[in-house]
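Colleague: My questions all concern the structure below.
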Amino acid sequence: MTFTMRPMAKLRTQSSSVVASWKVQSPGIRVIRLWLGLTWICGGWDKATDPNFLAKTGSTSISKVLTGYSTSSPLGFIFKHMIERATVIGIFVMIAEFALGLATLLWVAPTLAAFAGFTMSLGLWIAATWHVKPYFLASDTAYAVLWLSYFLTLLGKRRKIDINVERRGAIRLGMIAVGAMALAALGRGSQKSPTASSVPSAAANQIIKVADLNVGQTHEFTLSDGQAAIVFRTANGVFAYSETCTHQGCIVSYSAPDKALICPCHGAMYDPFSDAKVLAGPTNTPLAKVKVAISGDWVVLA
């Protein structure tokens, strides 16, 4: 005789499994599990609610973050090739953080989630905090050790990395994926308001106050169509260019030592002090100019 478990009974079984998983763990492991799960969910939420994360400009922009990794990480050559797909990578990281946090708290493929968390923390250490001295000031190393300790504890009991491909396991994994995407969508829908310095004023096209942009400084901003741009101020006034490389559309960055705008993807270089003409690289087309001017206390779009 074959019995079919009803959906409500399945839900109760899964719920009891989650509760039981917390009960059988030692207090120390519970603390680690709770901390890692909540922290990863908070990390995903922070990215989802940040209007600059998937944008082209801003210190928290995934494009700018990957550009920084490409020059500072010992694996910079890998990150260099990721810049062109920054938006896709940003979305993946955001959803992955939600998924790992939920899976850890809800006891879904726990050893797999722990190993994935360790891998992500190890990657962040190599990418972002490799040069931090002394090493114990880099939080990524601490998270890597926490994930590794949690993973080894689970592996010691299970003796394998678990991922249930049967129907019930597939359903639970699917629920985690749906939950992660739902949280990402909710976060994107309740984004923090962009700062005034990153988005021009709708009324006056204001970019930045003149007092906040000293001679010799630059400032990145976003045009109304979402295009990334950069403004320079010299003793003779202000001028600006699009940051979109004319080769394949990557976002260039200004290098003060080189006095050039450099594309991190394929090495194109532009001279911002000579109409953004090409200095090197696989393109012959200068960067597009953006008309700006000083109006009263503000640098504005002209």
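Ligands are numbered from 1 in the order shown, residues from 1 within each chain, and chains are lettered A, B, ... in the order they appear in the structure tokens.
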As number ranges by chain, please: every residue in range 118-153 of chain A that a backbone DSSP assignment puts in helix (DSSP H, G or I).

Modeller: A: 118-128, 135-137, 139-153

Colleague: Can you pull out every residue within 6 Å of Ala127 in chain A, counting only C-alpha atoms, but drop anything in the same chain fewer than 3 positions away, and send it as an mmCIF file with N, CA and C atoms, in the first residue's frame?

Modeller:
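Saved to part_19.cif:
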data_model
loop_
_atom_site.group_PDB
_atom_site.id
_atom_site.type_symbol
_atom_site.label_atom_id
_atom_site.label_comp_id
_atom_site.auth_asym_id
_atom_site.auth_seq_id
_atom_site.Cartn_x
_atom_site.Cartn_y
_atom_site.Cartn_z
ATOM 1 N N TYR A 69 39.163 45.480 -8.090
ATOM 2 C CA TYR A 69 39.729 44.145 -7.889
ATOM 3 C C TYR A 69 40.729 43.799 -8.985
ATOM 4 N N SER A 73 43.956 42.839 -6.826
ATOM 5 C CA SER A 73 43.947 41.440 -6.441
ATOM 6 C C SER A 73 45.031 40.653 -7.170
ATOM 7 N N GLY A 123 37.018 33.983 -1.724
ATOM 8 C CA GLY A 123 37.143 34.799 -2.925
ATOM 9 C C GLY A 123 37.192 36.283 -2.612
ATOM 10 N N LEU A 124 36.353 36.725 -1.667
ATOM 11 C CA LEU A 124 36.353 38.132 -1.265
ATOM 12 C C LEU A 124 37.665 38.518 -0.597
#

Colleague: Taking only residues of range 67-100 of chain A that have an atom at most 10 Å from an atom of range 230-254 of chain A, what is each one's shortest atom pair and its distance in Å to one decimal, using only C-alpha atoms, in chain and number order, as JSON lines?

Modeller:
{"residue": "A:Thr67", "atom": "CA", "partner": "A:Ser253", "partner_atom": "CA", "distance": 8.4}
{"residue": "A:Gly68", "atom": "CA", "partner": "A:Ser253", "partner_atom": "CA", "distance": 9.8}
{"residue": "A:Ile83", "atom": "CA", "partner": "A:Cys250", "partner_atom": "CA", "distance": 7.3}
{"residue": "A:Glu84", "atom": "CA", "partner": "A:Cys250", "partner_atom": "CA", "distance": 6.0}
{"residue": "A:Arg85", "atom": "CA", "partner": "A:Cys250", "partner_atom": "CA", "distance": 9.3}
{"residue": "A:Ala86", "atom": "CA", "partner": "A:Cys250", "partner_atom": "CA", "distance": 9.5}

Colleague: How would the residues just picked look written out with N, CA and C atoms as a PDB file, in the first residue's frame?

Modeller:
ATOM      1  N   THR A  67      36.469  46.685 -11.137  1.00  0.00           N
ATOM      2  CA  THR A  67      37.616  47.411 -11.688  1.00  0.00           C
ATOM      3  C   THR A  67      38.718  47.521 -10.640  1.00  0.00           C
ATOM      4  N   GLY A  68      38.316  47.822  -9.412  1.00  0.00           N
ATOM      5  CA  GLY A  68      39.294  47.901  -8.334  1.00  0.00           C
ATOM      6  C   GLY A  68      39.962  46.556  -8.077  1.00  0.00           C
ATOM      7  N   ILE A  83      34.505  42.396 -15.778  1.00  0.00           N
ATOM      8  CA  ILE A  83      33.971  43.762 -15.778  1.00  0.00           C
ATOM      9  C   ILE A  83      32.898  43.946 -16.851  1.00  0.00           C
ATOM     10  N   GLU A  84      33.094  43.323 -18.003  1.00  0.00           N
ATOM     11  CA  GLU A  84      32.136  43.469 -19.097  1.00  0.00           C
ATOM     12  C   GLU A  84      30.768  42.886 -18.737  1.00  0.00           C
ATOM     13  N   ARG A  85      30.750  41.983 -17.789  1.00  0.00           N
ATOM     14  CA  ARG A  85      29.488  41.345 -17.375  1.00  0.00           C
ATOM     15  C   ARG A  85      29.139  41.723 -15.944  1.00  0.00           C
ATOM     16  N   ALA A  86      29.515  42.935 -15.573  1.00  0.00           N
ATOM     17  CA  ALA A  86      29.365  43.385 -14.186  1.00  0.00           C
ATOM     18  C   ALA A  86      27.922  43.294 -13.693  1.00  0.00           C
TER      19      ALA A  86
END

Colleague: Using only C-alpha atoms, find the one residue out of A:Val65, A:Ala256, A:Val19, A:Ala177 that sits nearest to Ile89 in chain A.

Modeller: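 Residue with the minimum atom-to-atom distance to Ile89 in chain A: A:Val65.
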
Colleague: Show me, as a ChimeraX atom specification, the residues that have an atom within 12 Å of Ala48 in chain A when counting only C-alpha atoms, minus same-chain residues fewer than 5 positions from it.

Modeller: /A:41-43,53-55,60-62,90-98,180-192

Colleague: Do you know which residues are at most 12 Å from Ala103 in chain A counting only C-alpha atoms, after dropping those on the same chain fewer than 3 positions away, and could you put them as an mmCIF file with N, CA and C atoms, in the first residue's frame?

Modeller:
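Final file, out-v1.cif:
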data_model
loop_
_atom_site.group_PDB
_atom_site.id
_atom_site.type_symbol
_atom_site.label_atom_id
_atom_site.label_comp_id
_atom_site.auth_asym_id
_atom_site.auth_seq_id
_atom_site.Cartn_x
_atom_site.Cartn_y
_atom_site.Cartn_z
ATOM 1 N N VAL A 18 13.513 21.682 10.359
ATOM 2 C CA VAL A 18 14.267 22.907 10.630
ATOM 3 C C VAL A 18 14.424 23.097 12.133
ATOM 4 N N ARG A 33 25.867 29.593 13.087
ATOM 5 C CA ARG A 33 24.863 29.421 12.023
ATOM 6 C C ARG A 33 23.955 30.635 11.916
ATOM 7 N N LEU A 34 23.486 31.133 13.060
ATOM 8 C CA LEU A 34 22.594 32.292 13.063
ATOM 9 C C LEU A 34 23.321 33.528 12.535
ATOM 10 N N LEU A 36 26.022 33.742 10.544
ATOM 11 C CA LEU A 36 26.338 33.650 9.118
ATOM 12 C C LEU A 36 25.076 33.789 8.268
ATOM 13 N N GLY A 37 23.997 33.110 8.665
ATOM 14 C CA GLY A 37 22.763 33.191 7.887
ATOM 15 C C GLY A 37 22.215 34.599 7.814
ATOM 16 N N LEU A 38 22.108 35.260 8.966
ATOM 17 C CA LEU A 38 21.576 36.628 8.991
ATOM 18 C C LEU A 38 22.499 37.605 8.285
ATOM 19 N N TRP A 40 24.555 37.041 5.780
ATOM 20 C CA TRP A 40 24.490 36.896 4.319
ATOM 21 C C TRP A 40 23.180 37.470 3.768
ATOM 22 N N ILE A 41 22.095 37.320 4.499
ATOM 23 C CA ILE A 41 20.836 37.923 4.071
ATOM 24 C C ILE A 41 20.947 39.449 4.113
ATOM 25 N N ALA A 96 22.731 35.103 -4.726
ATOM 26 C CA ALA A 96 23.477 34.046 -4.050
ATOM 27 C C ALA A 96 23.596 34.320 -2.556
ATOM 28 N N GLU A 97 23.794 35.575 -2.172
ATOM 29 C CA GLU A 97 23.887 35.907 -0.748
ATOM 30 C C GLU A 97 22.556 35.637 -0.040
ATOM 31 N N PHE A 98 21.457 36.023 -0.668
ATOM 32 C CA PHE A 98 20.148 35.718 -0.094
ATOM 33 C C PHE A 98 19.958 34.199 0.036
ATOM 34 N N ALA A 99 20.304 33.465 -1.023
ATOM 35 C CA ALA A 99 20.089 32.019 -1.042
ATOM 36 C C ALA A 99 20.918 31.314 0.033
ATOM 37 N N LEU A 100 22.184 31.697 0.175
ATOM 38 C CA LEU A 100 23.040 31.066 1.174
ATOM 39 C C LEU A 100 22.550 31.370 2.586
ATOM 40 N N LEU A 106 17.447 27.814 7.244
ATOM 41 C CA LEU A 106 16.324 26.886 7.069
ATOM 42 C C LEU A 106 16.760 25.442 6.843
ATOM 43 N N TRP A 107 18.075 25.184 6.994
ATOM 44 C CA TRP A 107 18.584 23.823 6.934
ATOM 45 C C TRP A 107 18.292 23.142 5.594
ATOM 46 N N VAL A 108 18.613 23.847 4.515
ATOM 47 C CA VAL A 108 18.470 23.297 3.170
ATOM 48 C C VAL A 108 19.870 23.092 2.591
ATOM 49 N N ALA A 109 20.220 21.853 2.279
ATOM 50 C CA ALA A 109 21.558 21.511 1.801
ATOM 51 C C ALA A 109 22.622 22.232 2.631
ATOM 52 N N PRO A 110 22.632 22.019 3.952
ATOM 53 C CA PRO A 110 23.477 22.812 4.840
ATOM 54 C C PRO A 110 24.974 22.732 4.567
ATOM 55 N N THR A 111 25.498 21.516 4.292
ATOM 56 C CA THR A 111 26.942 21.427 4.041
ATOM 57 C C THR A 111 27.314 22.076 2.718
ATOM 58 N N LEU A 112 26.443 21.962 1.721
ATOM 59 C CA LEU A 112 26.697 22.615 0.443
ATOM 60 C C LEU A 112 26.690 24.131 0.614
ATOM 61 N N ALA A 113 25.715 24.641 1.390
ATOM 62 C CA ALA A 113 25.632 26.081 1.644
ATOM 63 C C ALA A 113 26.862 26.562 2.408
ATOM 64 N N ALA A 114 27.309 25.779 3.388
ATOM 65 C CA ALA A 114 28.478 26.159 4.170
ATOM 66 C C ALA A 114 29.735 26.203 3.296
ATOM 67 N N PHE A 115 29.867 25.215 2.415
ATOM 68 C CA PHE A 115 31.036 25.194 1.525
ATOM 69 C C PHE A 115 30.990 26.371 0.550
ATOM 70 N N ALA A 116 29.789 26.684 0.044
ATOM 71 C CA ALA A 116 29.637 27.824 -0.859
ATOM 72 C C ALA A 116 29.956 29.132 -0.139
ATOM 73 N N GLY A 117 29.523 29.248 1.125
ATOM 74 C CA GLY A 117 29.837 30.444 1.909
ATOM 75 C C GLY A 117 31.327 30.590 2.131
ATOM 76 N N ILE A 163 23.227 17.252 -1.117
ATOM 77 C CA ILE A 163 22.254 17.952 -1.966
ATOM 78 C C ILE A 163 21.255 16.895 -2.447
ATOM 79 N N GLY A 169 13.868 17.215 -1.911
ATOM 80 C CA GLY A 169 15.053 18.068 -1.903
ATOM 81 C C GLY A 169 15.005 19.120 -2.994
ATOM 82 N N ARG A 172 12.633 21.904 -1.956
ATOM 83 C CA ARG A 172 13.210 22.790 -0.944
ATOM 84 C C ARG A 172 14.234 23.731 -1.561
ATOM 85 N N LEU A 173 15.073 23.205 -2.464
ATOM 86 C CA LEU A 173 16.049 24.056 -3.151
ATOM 87 C C LEU A 173 15.342 25.095 -4.013
ATOM 88 N N GLY A 174 14.255 24.656 -4.666
ATOM 89 C CA GLY A 174 13.479 25.591 -5.478
ATOM 90 C C GLY A 174 12.864 26.691 -4.643
ATOM 91 N N MET A 175 12.403 26.344 -3.439
ATOM 92 C CA MET A 175 11.813 27.342 -2.550
ATOM 93 C C MET A 175 12.859 28.359 -2.095
ATOM 94 N N ILE A 176 14.085 27.894 -1.855
ATOM 95 C CA ILE A 176 15.169 28.810 -1.484
ATOM 96 C C ILE A 176 15.467 29.765 -2.637
ATOM 97 N N ALA A 177 15.524 29.231 -3.861
ATOM 98 C CA ALA A 177 15.792 30.068 -5.033
ATOM 99 C C ALA A 177 14.695 31.119 -5.215
ATOM 100 N N VAL A 178 13.447 30.686 -5.083
ATOM 101 C CA VAL A 178 12.330 31.623 -5.220
ATOM 102 C C VAL A 178 12.373 32.677 -4.124
ATOM 103 N N GLY A 179 12.651 32.236 -2.897
ATOM 104 C CA GLY A 179 12.738 33.177 -1.782
ATOM 105 C C GLY A 179 13.853 34.192 -1.977
ATOM 106 N N ALA A 180 15.002 33.726 -2.474
ATOM 107 C CA ALA A 180 16.129 34.636 -2.716
ATOM 108 C C ALA A 180 15.779 35.672 -3.772
#
